[in-house]
Amino acid sequence: MNPTHDPRRDLPSVDALMRHPDVASLVGSLSRDSVTRLARRGLASVRDRAQATISDGALAEPLPRDRLLGEAVTATLAEAAAIANPGPRRVINASGVVLHTNLGRAPLSAHAAAAVAAVSAGYANLEFDLGTGERGARHAHLAGPVLDALEATHPGLDTSGLDALVVNNCAGAILLVLAELARGREVVVSRGHLVEIGGGFRVPDVMRQGGARLVEVGTTNRTRLEDYANAIGPDTAALLAVHPSNFRIIGFGASVAIADLASLGAERGVPVVEDVGSGCLLDTEMFNIGGALREPRPSESLAAGVSVVTFSGDKLLGGPQAGIIVGRRPIIERIRRHPLARALRLGSLGIVALAATLTHYRRGTAATEVPVWLMIGATEADLSFRASSWAASLRASGVACHVAPEVSAIGGGSMPGVSLPTTVVRIPAGAGSRAAALAARLRRGDAAVPPVVGRIADDDLLIDPRTVLPGEDDAVVAAVARASRATSS
Ligand SMILES: *Cc1c(COP(=O)(O)O)cnc(C)c1O
């Protein structure tokens with residue numbers, strides 16, 4: 001026993017650490033200066049841990065020098081790995097939640113990803129007119145494709161009097177629209193539409209940030225057309241409807257059809273703004289999803305005569321994060337000139353990704369080319385086939401599991417209550433927290449396999465093929481097999 005021994009005296013020097021073969025081999029992929037910096041940081045973390053141990057009074061025995069060196073090497077390698085893999089990392093979504101907000105919502109199509117890669121590696125005519133050689137408009141790249149995609153997916157829709165503007169996300173889109181149309185004036189909104197979308201995004205807060213005064217009408221469950229009509233006064237700048245995307249009122253409810261609200265607005269000369277949220281361009285009836293539930297489509301609202309609609313690019317549209325504003329041309333022109341339009345503008349990567357995603361709709365191939373729609377439209381036979389073949393491979397490598405019927409969710413605040421029948425691989429993890437340990441191991445991934453996010457139910461781990469992209473099948477099986485071995489030993 002040597003209570004006065006200070007283990008920090010036994011720490012290796014930076015030079016000794018740099019000479020260790022594992023640390024020395026970092027030089028090459030990292031400059032020598034970078035390795036030195038990481039080695040210092042690795043040493044500091046070992047010193048801090050030793051200091052904490054002394055403060056705890058727990059340490060009596062001097063630590064072997066080779067153990068301190070080993071810890072410093074491990075810490076240095078971890079620092080180097082963090083440089084090689086900064087977040088966000090590619091992960092495999094085996095949760096079955098199609099628009100998983102925490103996993104980046106919609107994955108891009110191969111075509112959109114390739115377009116981003118091609119354009120981002122060089123210069124682009126972002127604000128340059130290649131015809132005249134003069135300055136061009138950034139928004140010009142998307143206005144035409146947005147309107148054409150709406151027309152392509154909604155036979156009979158006339159977009160001739162419309163225009164479009166795209167900003168950073170849908171929350172920004174609403175903020176911008178209200179800031180331009182309603183700053184210092186009144187916006188009439190149903191109490192049933194004052195929703196919180198998630199992540200602390202509340203419609204009333206955004207309206208106030210936009211400088212609008214809220215005039216609430218109706219009740220949480222019932223609002224009638226007269227409620228809006230009676231609230232319109234000389235200071236009314238707009239009537240606002242918000243799609244309550246993430247919940248449904250069951251039972252005694254009444255809301256105003258958007259076409260009726262649009263007629264009222266037209267009659268009284270007040271613009272009607274609708275935030276439809278999920279940006280569902282396709283007619284979901286073609287997917288036969290969970291019975292009669294349908295998602296409102298921006299094209300329907302425009303056909304019904306609303307002045308402005310806003311929706312997200314990365315929900316059911318299946319593209320990058322973006323907020324799309326479509327409406328009557330004079331209104332969009334005003335909005336475009338607002339200073340916030342500059343502050344909220346989309347970057348070139350988002351513009352390219354969105355334009356490429358819209359191409360699928362304009363060609364009429366979105367249902368078979370946009371990943372979100374492929375996942376939603378996956379057949380039960382296909383899902384069951386994939387789950388069964390994964391389970392067979394897993395059992396062949398010694399992992400006890402079986403397939404079971406389950407449901408996947410759309411997520412992202414879209415289509416609440418709609419559940420899609422699926423087949424999952426179910427790994428009974430036994431009593432206690434083994435499912436959590438297995439899920440945690442899977443989430444970490446390693447050099448051979450990417451992180452995989454599954455779902456836990458009744459202390460079993462579920463792996464849902466619906467959200468696993470084509471081409472990720474082998475990686476999922478390999479990852480589950482490795483994680484199972486690691487947690488059962
Ligand atoms: C999701 C959603 C938003 C927010 O969209 P972001 O693109 O995430 O900013 C706003 N309104 C509605 C109705 C939504 O569903």
# chains A, B, ... in the order shown; residues from 1 in each chain; ligands from 1
$ residues_around --residues "region 343-352 of chain A" --least-positions-apart "6" --cutoff "9 Å" --atoms "only C-alpha atoms" --output "ChimeraX atom specification"
/A:112,115-117,119-120,124,126,138-139,141-142,166-169,172-173,176,319-323
$ write_last_selection --atoms "N, CA, C and O atoms" --output "mmCIF file, in the first residue's frame"
data_model
loop_
_atom_site.group_PDB
_atom_site.id
_atom_site.type_symbol
_atom_site.label_atom_id
_atom_site.label_comp_id
_atom_site.auth_asym_id
_atom_site.auth_seq_id
_atom_site.Cartn_x
_atom_site.Cartn_y
_atom_site.Cartn_z
ATOM 1 N N ALA A 112 -31.042 11.665 -56.897
ATOM 2 C CA ALA A 112 -30.820 12.936 -56.198
ATOM 3 C C ALA A 112 -29.447 12.951 -55.524
ATOM 4 O O ALA A 112 -28.744 13.968 -55.556
ATOM 5 N N ALA A 115 -26.871 13.602 -58.119
ATOM 6 C CA ALA A 115 -26.894 14.996 -58.573
ATOM 7 C C ALA A 115 -26.152 15.888 -57.573
ATOM 8 O O ALA A 115 -25.386 16.772 -57.965
ATOM 9 N N VAL A 116 -26.366 15.631 -56.276
ATOM 10 C CA VAL A 116 -25.681 16.414 -55.243
ATOM 11 C C VAL A 116 -24.175 16.200 -55.345
ATOM 12 O O VAL A 116 -23.384 17.157 -55.313
ATOM 13 N N ALA A 117 -23.774 14.926 -55.508
ATOM 14 C CA ALA A 117 -22.336 14.617 -55.589
ATOM 15 C C ALA A 117 -21.720 15.313 -56.801
ATOM 16 O O ALA A 117 -20.646 15.907 -56.714
ATOM 17 N N VAL A 119 -22.736 18.011 -58.530
ATOM 18 C CA VAL A 119 -22.703 19.474 -58.496
ATOM 19 C C VAL A 119 -21.783 19.985 -57.386
ATOM 20 O O VAL A 119 -21.080 20.982 -57.561
ATOM 21 N N SER A 120 -21.748 19.264 -56.265
ATOM 22 C CA SER A 120 -20.992 19.800 -55.122
ATOM 23 C C SER A 120 -19.487 19.704 -55.324
ATOM 24 O O SER A 120 -18.733 20.386 -54.642
ATOM 25 N N ALA A 124 -21.146 25.790 -59.644
ATOM 26 C CA ALA A 124 -22.481 25.582 -60.215
ATOM 27 C C ALA A 124 -23.062 26.932 -60.598
ATOM 28 O O ALA A 124 -22.696 27.956 -60.023
ATOM 29 N N LEU A 126 -25.401 28.612 -59.735
ATOM 30 C CA LEU A 126 -26.404 28.842 -58.702
ATOM 31 C C LEU A 126 -27.154 30.154 -58.917
ATOM 32 O O LEU A 126 -28.380 30.196 -58.853
ATOM 33 N N ARG A 138 -31.349 32.590 -57.870
ATOM 34 C CA ARG A 138 -31.258 31.297 -57.215
ATOM 35 C C ARG A 138 -32.610 30.574 -57.223
ATOM 36 O O ARG A 138 -32.679 29.376 -57.462
ATOM 37 N N HIS A 139 -33.678 31.331 -57.004
ATOM 38 C CA HIS A 139 -34.983 30.677 -56.897
ATOM 39 C C HIS A 139 -35.492 30.164 -58.242
ATOM 40 O O HIS A 139 -36.389 29.351 -58.312
ATOM 41 N N HIS A 141 -34.207 28.125 -60.196
ATOM 42 C CA HIS A 141 -33.971 26.693 -60.412
ATOM 43 C C HIS A 141 -35.149 25.846 -59.938
ATOM 44 O O HIS A 141 -35.364 24.760 -60.449
ATOM 45 N N LEU A 142 -35.863 26.322 -58.922
ATOM 46 C CA LEU A 142 -36.879 25.457 -58.324
ATOM 47 C C LEU A 142 -38.316 25.831 -58.651
ATOM 48 O O LEU A 142 -39.192 24.966 -58.598
ATOM 49 N N VAL A 166 -38.621 28.505 -52.409
ATOM 50 C CA VAL A 166 -38.209 27.450 -51.480
ATOM 51 C C VAL A 166 -37.225 28.015 -50.467
ATOM 52 O O VAL A 166 -36.292 28.728 -50.829
ATOM 53 N N VAL A 167 -37.477 27.733 -49.195
ATOM 54 C CA VAL A 167 -36.570 28.164 -48.126
ATOM 55 C C VAL A 167 -36.059 26.947 -47.358
ATOM 56 O O VAL A 167 -36.267 25.800 -47.767
ATOM 57 N N ASN A 168 -35.399 27.218 -46.243
ATOM 58 C CA ASN A 168 -34.665 26.196 -45.504
ATOM 59 C C ASN A 168 -35.515 25.068 -44.912
ATOM 60 O O ASN A 168 -35.090 23.929 -44.864
ATOM 61 N N ASN A 169 -36.696 25.365 -44.432
ATOM 62 C CA ASN A 169 -37.599 24.318 -43.943
ATOM 63 C C ASN A 169 -39.006 24.901 -43.833
ATOM 64 O O ASN A 169 -39.205 26.097 -44.055
ATOM 65 N N GLY A 172 -39.608 27.748 -41.347
ATOM 66 C CA GLY A 172 -39.132 29.015 -41.908
ATOM 67 C C GLY A 172 -40.105 29.550 -42.949
ATOM 68 O O GLY A 172 -40.307 30.768 -43.063
ATOM 69 N N ALA A 173 -40.714 28.635 -43.705
ATOM 70 C CA ALA A 173 -41.666 29.053 -44.743
ATOM 71 C C ALA A 173 -42.858 29.779 -44.111
ATOM 72 O O ALA A 173 -43.266 30.843 -44.581
ATOM 73 N N LEU A 176 -41.826 33.195 -42.737
ATOM 74 C CA LEU A 176 -41.628 34.164 -43.816
ATOM 75 C C LEU A 176 -42.964 34.635 -44.394
ATOM 76 O O LEU A 176 -43.171 35.841 -44.598
ATOM 77 N N GLY A 319 -37.566 14.310 -50.260
ATOM 78 C CA GLY A 319 -36.354 15.005 -50.696
ATOM 79 C C GLY A 319 -35.559 15.533 -49.518
ATOM 80 O O GLY A 319 -35.663 15.034 -48.403
ATOM 81 N N PRO A 320 -34.762 16.591 -49.739
ATOM 82 C CA PRO A 320 -33.933 17.161 -48.678
ATOM 83 C C PRO A 320 -34.754 18.084 -47.779
ATOM 84 O O PRO A 320 -35.887 18.452 -48.132
ATOM 85 N N GLN A 321 -34.184 18.477 -46.662
ATOM 86 C CA GLN A 321 -34.825 19.470 -45.797
ATOM 87 C C GLN A 321 -35.073 20.735 -46.608
ATOM 88 O O GLN A 321 -34.158 21.287 -47.223
ATOM 89 N N ALA A 322 -36.307 21.193 -46.647
ATOM 90 C CA ALA A 322 -36.654 22.408 -47.379
ATOM 91 C C ALA A 322 -38.070 22.801 -46.993
ATOM 92 O O ALA A 322 -38.843 21.965 -46.539
ATOM 93 N N GLY A 323 -38.391 24.064 -47.144
ATOM 94 C CA GLY A 323 -39.749 24.544 -46.926
ATOM 95 C C GLY A 323 -40.229 25.160 -48.227
ATOM 96 O O GLY A 323 -39.606 26.081 -48.757
#
$ residues_around --residues "Asp22 (chain A)" --least-positions-apart "2" --cutoff "8 Å" --atoms "only C-alpha atoms" --output "ChimeraX atom specification"
/A:20,24-26,73,77
$ select_by_dssp --residues "region 226-266 of chain A" --states "alpha helix (DSSP H)" --output "ChimeraX atom specification"
/A:226-231,258-266
$ write_last_selection --atoms "C-alpha atoms" --output "PDB file, in the first residue's frame"
ATOM      1  CA  GLU A 226     -69.075  31.469 -39.393  1.00  0.00           C
ATOM      2  CA  ASP A 227     -66.371  31.535 -36.716  1.00  0.00           C
ATOM      3  CA  TYR A 228     -63.859  32.672 -39.319  1.00  0.00           C
ATOM      4  CA  ALA A 229     -66.359  34.978 -41.040  1.00  0.00           C
ATOM      5  CA  ASN A 230     -67.271  36.745 -37.784  1.00  0.00           C
ATOM      6  CA  ALA A 231     -63.616  37.327 -36.911  1.00  0.00           C
ATOM      7  CA  ILE A 258     -60.311  24.209 -47.120  1.00  0.00           C
ATOM      8  CA  ALA A 259     -62.383  24.992 -50.225  1.00  0.00           C
ATOM      9  CA  ASP A 260     -64.979  26.752 -48.047  1.00  0.00           C
ATOM     10  CA  LEU A 261     -62.294  28.728 -46.266  1.00  0.00           C
ATOM     11  CA  ALA A 262     -60.791  29.684 -49.645  1.00  0.00           C
ATOM     12  CA  SER A 263     -64.212  30.896 -50.886  1.00  0.00           C
ATOM     13  CA  LEU A 264     -64.699  32.953 -47.738  1.00  0.00           C
ATOM     14  CA  GLY A 265     -61.266  34.529 -48.186  1.00  0.00           C
ATOM     15  CA  ALA A 266     -61.987  35.321 -51.847  1.00  0.00           C
TER      16      ALA A 266
END
$ residues_around --residues "Val326 (chain A)" --least-positions-apart "3" --cutoff "7 Å" --atoms "only C-alpha atoms" --output "list in words"
Leu162, Asp163, Ala164, Leu165, Val308, Val309 and Thr310 of chain A
$ select_by_dssp --residues "region 182-363 of chain A" --states "strand (DSSP E)" --output "JSON, numbers by chain"
{"A": [186, 187, 188, 189, 190, 196, 197, 198, 201, 202, 213, 214, 215, 216, 217, 236, 237, 238, 239, 240, 241, 242, 272, 273, 274, 275, 276, 277, 308, 309, 310, 311, 312, 323, 324, 325, 326, 327, 328]}
$ write_last_selection --atoms "N, CA and C atoms" --output "short mmCIF file (atom, residue, chain, number, x, y, z; two decimals), in the first residue's frame"
data_model
loop_
_atom_site.label_atom_id
_atom_site.label_comp_id
_atom_site.auth_asym_id
_atom_site.auth_seq_id
_atom_site.Cartn_x
_atom_site.Cartn_y
_atom_site.Cartn_z
N GLU A 186 -53.68 41.17 -38.04
CA GLU A 186 -54.33 39.99 -37.45
C GLU A 186 -54.36 38.80 -38.40
N VAL A 187 -54.18 37.61 -37.80
CA VAL A 187 -54.33 36.37 -38.55
C VAL A 187 -55.36 35.53 -37.82
N VAL A 188 -56.38 35.12 -38.53
CA VAL A 188 -57.45 34.33 -37.92
C VAL A 188 -57.11 32.85 -38.05
N VAL A 189 -57.14 32.15 -36.92
CA VAL A 189 -56.76 30.73 -36.94
C VAL A 189 -57.67 29.96 -35.98
N SER A 190 -58.02 28.73 -36.35
CA SER A 190 -58.86 27.89 -35.50
C SER A 190 -58.06 27.40 -34.28
N GLU A 196 -48.59 21.85 -31.78
CA GLU A 196 -47.14 21.73 -31.65
C GLU A 196 -46.73 20.60 -32.57
N ILE A 197 -45.83 20.90 -33.50
CA ILE A 197 -45.45 19.90 -34.49
C ILE A 197 -44.44 18.92 -33.92
N GLY A 198 -43.61 19.40 -33.00
CA GLY A 198 -42.55 18.54 -32.47
C GLY A 198 -41.28 19.36 -32.38
N PHE A 201 -41.68 23.12 -31.83
CA PHE A 201 -42.21 24.03 -32.85
C PHE A 201 -43.71 24.16 -32.67
N ARG A 202 -44.13 25.34 -32.17
CA ARG A 202 -45.55 25.58 -31.93
C ARG A 202 -46.05 26.67 -32.85
N ARG A 213 -50.70 39.19 -35.12
CA ARG A 213 -51.54 39.05 -33.92
C ARG A 213 -52.53 37.92 -34.17
N LEU A 214 -52.57 36.99 -33.24
CA LEU A 214 -53.42 35.82 -33.36
C LEU A 214 -54.85 36.14 -33.01
N VAL A 215 -55.77 35.79 -33.89
CA VAL A 215 -57.18 35.86 -33.51
C VAL A 215 -57.69 34.43 -33.53
N GLU A 216 -57.89 33.85 -32.33
CA GLU A 216 -58.28 32.45 -32.25
C GLU A 216 -59.79 32.32 -32.38
N VAL A 217 -60.21 31.38 -33.18
CA VAL A 217 -61.65 31.16 -33.32
C VAL A 217 -61.98 29.68 -33.11
N THR A 236 -57.63 42.40 -40.57
CA THR A 236 -57.33 40.98 -40.85
C THR A 236 -56.41 40.87 -42.06
N ALA A 237 -55.24 40.28 -41.84
CA ALA A 237 -54.28 40.15 -42.95
C ALA A 237 -54.41 38.80 -43.64
N ALA A 238 -54.85 37.76 -42.91
CA ALA A 238 -54.93 36.44 -43.53
C ALA A 238 -55.78 35.51 -42.67
N LEU A 239 -56.32 34.48 -43.33
CA LEU A 239 -56.93 33.36 -42.61
C LEU A 239 -55.91 32.23 -42.72
N LEU A 240 -55.61 31.60 -41.59
CA LEU A 240 -54.57 30.56 -41.61
C LEU A 240 -55.17 29.22 -41.23
N ALA A 241 -54.87 28.19 -42.04
CA ALA A 241 -55.22 26.81 -41.68
C ALA A 241 -53.93 26.03 -41.54
N VAL A 242 -53.86 25.20 -40.51
CA VAL A 242 -52.66 24.39 -40.29
C VAL A 242 -53.10 22.94 -40.21
N VAL A 272 -55.90 33.45 -47.98
CA VAL A 272 -55.98 32.24 -47.15
C VAL A 272 -54.66 31.48 -47.29
N VAL A 273 -54.02 31.22 -46.14
CA VAL A 273 -52.73 30.54 -46.11
C VAL A 273 -52.95 29.18 -45.48
N GLU A 274 -52.44 28.12 -46.11
CA GLU A 274 -52.55 26.81 -45.48
C GLU A 274 -51.18 26.16 -45.36
N ASP A 275 -50.86 25.71 -44.14
CA ASP A 275 -49.63 24.94 -43.90
C ASP A 275 -50.03 23.47 -43.93
N VAL A 276 -49.72 22.78 -45.04
CA VAL A 276 -50.13 21.37 -45.14
C VAL A 276 -49.07 20.43 -44.56
N GLY A 277 -47.87 20.94 -44.33
CA GLY A 277 -46.87 20.17 -43.60
C GLY A 277 -46.15 19.11 -44.40
N VAL A 308 -51.92 30.70 -50.61
CA VAL A 308 -50.54 30.25 -50.37
C VAL A 308 -50.58 28.91 -49.62
N VAL A 309 -49.78 27.93 -50.05
CA VAL A 309 -49.58 26.73 -49.23
C VAL A 309 -48.10 26.60 -48.89
N THR A 310 -47.83 25.99 -47.73
CA THR A 310 -46.45 25.71 -47.34
C THR A 310 -46.35 24.22 -47.03
N PHE A 311 -45.21 23.62 -47.36
CA PHE A 311 -44.98 22.20 -47.01
C PHE A 311 -43.49 21.90 -46.97
N SER A 312 -43.18 20.75 -46.34
CA SER A 312 -41.78 20.35 -46.15
C SER A 312 -41.25 19.59 -47.36
N GLY A 323 -38.39 24.06 -47.14
CA GLY A 323 -39.75 24.54 -46.93
C GLY A 323 -40.23 25.16 -48.23
N ILE A 324 -41.31 24.62 -48.78
CA ILE A 324 -41.75 25.03 -50.10
C ILE A 324 -42.99 25.91 -49.95
N ILE A 325 -42.96 27.05 -50.61
CA ILE A 325 -44.08 28.00 -50.57
C ILE A 325 -44.62 28.12 -52.00
N VAL A 326 -45.90 27.81 -52.18
CA VAL A 326 -46.50 27.95 -53.50
C VAL A 326 -47.75 28.81 -53.35
N GLY A 327 -47.95 29.73 -54.27
CA GLY A 327 -49.14 30.57 -54.16
C GLY A 327 -49.32 31.51 -55.34
N ARG A 328 -50.30 32.39 -55.19
CA ARG A 328 -50.60 33.38 -56.23
C ARG A 328 -49.35 34.20 -56.51
#
$ residues_around --residues "Thr219 (chain A)" --least-positions-apart "4" --cutoff "7 Å" --atoms "only C-alpha atoms" --output "list in words"
Arg191, Gly192 and Thr223 of chain A
$ closest_residue --among "A:Asp458, A:Glu267, A:Glu380, A:Glu295" --to "ligand 1" --atoms "only C-alpha atoms and all ligand atoms"
A:Glu295
$ residues_around --residues "region 387-397 of chain A" --least-positions-apart "5" --cutoff "8 Å" --atoms "only C-alpha atoms" --output "tab-separated table (two decimals) with N, CA, C and O atoms, in the first residue's frame"
chain	number	residue	atom	x	y	z
A	402	HIS	N	-36.80	-15.29	-34.76
A	402	HIS	CA	-37.87	-15.77	-35.61
A	402	HIS	C	-38.52	-14.57	-36.31
A	402	HIS	O	-38.23	-13.42	-35.96
A	403	VAL	N	-39.38	-14.84	-37.29
A	403	VAL	CA	-40.08	-13.73	-37.93
A	403	VAL	C	-41.46	-13.61	-37.30
A	403	VAL	O	-42.01	-14.58	-36.80
A	423	THR	N	-43.41	-7.53	-41.69
A	423	THR	CA	-42.89	-8.71	-40.99
A	423	THR	C	-41.51	-8.33	-40.47
A	423	THR	O	-40.71	-7.78	-41.23
A	424	VAL	N	-41.27	-8.59	-39.19
A	424	VAL	CA	-39.97	-8.23	-38.61
A	424	VAL	C	-39.20	-9.49	-38.24
A	424	VAL	O	-39.78	-10.57	-38.11
A	425	VAL	N	-37.89	-9.31	-38.06
A	425	VAL	CA	-37.09	-10.34	-37.41
A	425	VAL	C	-37.12	-10.00	-35.93
A	425	VAL	O	-36.83	-8.86	-35.54
A	464	ASP	N	-36.95	-4.29	-38.64
A	464	ASP	CA	-38.03	-4.17	-39.64
A	464	ASP	C	-37.42	-3.90	-41.02
A	464	ASP	O	-36.76	-2.88	-41.22
A	465	PRO	N	-37.66	-4.79	-41.97
A	465	PRO	CA	-37.06	-4.61	-43.31
A	465	PRO	C	-37.62	-3.40	-44.08
A	465	PRO	O	-36.99	-2.93	-45.01
A	473	ASP	N	-29.20	-4.98	-47.02
A	473	ASP	CA	-29.60	-6.26	-46.41
A	473	ASP	C	-28.43	-7.02	-45.77
A	473	ASP	O	-28.52	-7.45	-44.61
A	477	VAL	N	-27.71	-8.02	-41.63
A	477	VAL	CA	-27.52	-9.37	-41.11
A	477	VAL	C	-26.15	-9.47	-40.42
A	477	VAL	O	-26.04	-9.98	-39.30
A	480	VAL	N	-26.23	-7.54	-37.03
A	480	VAL	CA	-26.98	-8.21	-35.96
A	480	VAL	C	-26.19	-9.42	-35.46
A	480	VAL	O	-26.11	-9.66	-34.24
A	481	ALA	N	-25.59	-10.16	-36.38
A	481	ALA	CA	-24.81	-11.34	-35.97
A	481	ALA	C	-23.64	-10.93	-35.08
A	481	ALA	O	-23.42	-11.53	-34.02
$ residues_around --residues "Asp66 (chain A)" --least-positions-apart "4" --cutoff "10 Å" --atoms "only C-alpha atoms" --output "ChimeraX atom specification"
/A:10-12,70-72
$ write_last_selection --atoms "all heavy atoms" --output "compact mmCIF listing (two decimals), in the first residue's frame"
# COMPACT_ATOMS: atom_id res chain seq x y z
N ASP A 10 3.64 8.43 -13.46
CA ASP A 10 3.96 7.28 -14.29
C ASP A 10 3.41 7.38 -15.70
O ASP A 10 3.53 6.45 -16.49
CB ASP A 10 3.41 6.00 -13.64
CG ASP A 10 4.12 5.72 -12.32
OD1 ASP A 10 5.29 6.13 -12.19
OD2 ASP A 10 3.48 5.13 -11.44
N LEU A 11 2.74 8.49 -16.00
CA LEU A 11 2.21 8.64 -17.35
C LEU A 11 3.35 8.68 -18.36
O LEU A 11 4.41 9.24 -18.08
CB LEU A 11 1.42 9.95 -17.47
CG LEU A 11 0.03 9.97 -16.86
CD1 LEU A 11 -0.51 11.40 -16.88
CD2 LEU A 11 -0.90 9.07 -17.65
N PRO A 12 3.12 8.10 -19.54
CA PRO A 12 4.17 8.19 -20.55
C PRO A 12 4.33 9.63 -21.04
O PRO A 12 3.41 10.43 -20.89
CB PRO A 12 3.65 7.29 -21.68
CG PRO A 12 2.17 7.24 -21.48
CD PRO A 12 1.93 7.38 -20.02
N GLY A 70 -1.04 1.93 -22.33
CA GLY A 70 -2.12 1.31 -23.11
C GLY A 70 -3.37 2.19 -23.12
O GLY A 70 -4.00 2.38 -24.17
N GLU A 71 -3.70 2.76 -21.97
CA GLU A 71 -4.89 3.63 -21.91
C GLU A 71 -4.70 4.88 -22.77
O GLU A 71 -5.63 5.34 -23.44
CB GLU A 71 -5.18 4.04 -20.46
CG GLU A 71 -5.85 2.92 -19.68
CD GLU A 71 -6.18 3.34 -18.24
OE1 GLU A 71 -6.14 4.55 -17.94
OE2 GLU A 71 -6.48 2.43 -17.45
N ALA A 72 -3.48 5.42 -22.72
CA ALA A 72 -3.22 6.63 -23.51
C ALA A 72 -3.28 6.32 -25.00
O ALA A 72 -3.78 7.13 -25.80
CB ALA A 72 -1.85 7.22 -23.14
$ closest_residue --among "A:Gly445, A:Gly251, A:Gly28, A:Gly471" --to "Arg90 (chain A)" --atoms "only C-alpha atoms"
A:Gly445
$ closest_residue --among "A:Ala94, A:Leu69, A:Leu282, A:Ala367" --to "Asp15 (chain A)" --atoms "only C-alpha atoms"
A:Leu69
$ residues_around --residues "Val256 (chain A)" --least-positions-apart "6" --cutoff "9 Å" --atoms "only C-alpha atoms" --output "count of residues only"
4
$ closest_residue --among "A:Ser160, A:Asn125, A:Gln209, A:Ser278" --to "ligand 1" --atoms "only C-alpha atoms and all ligand atoms"
A:Ser278
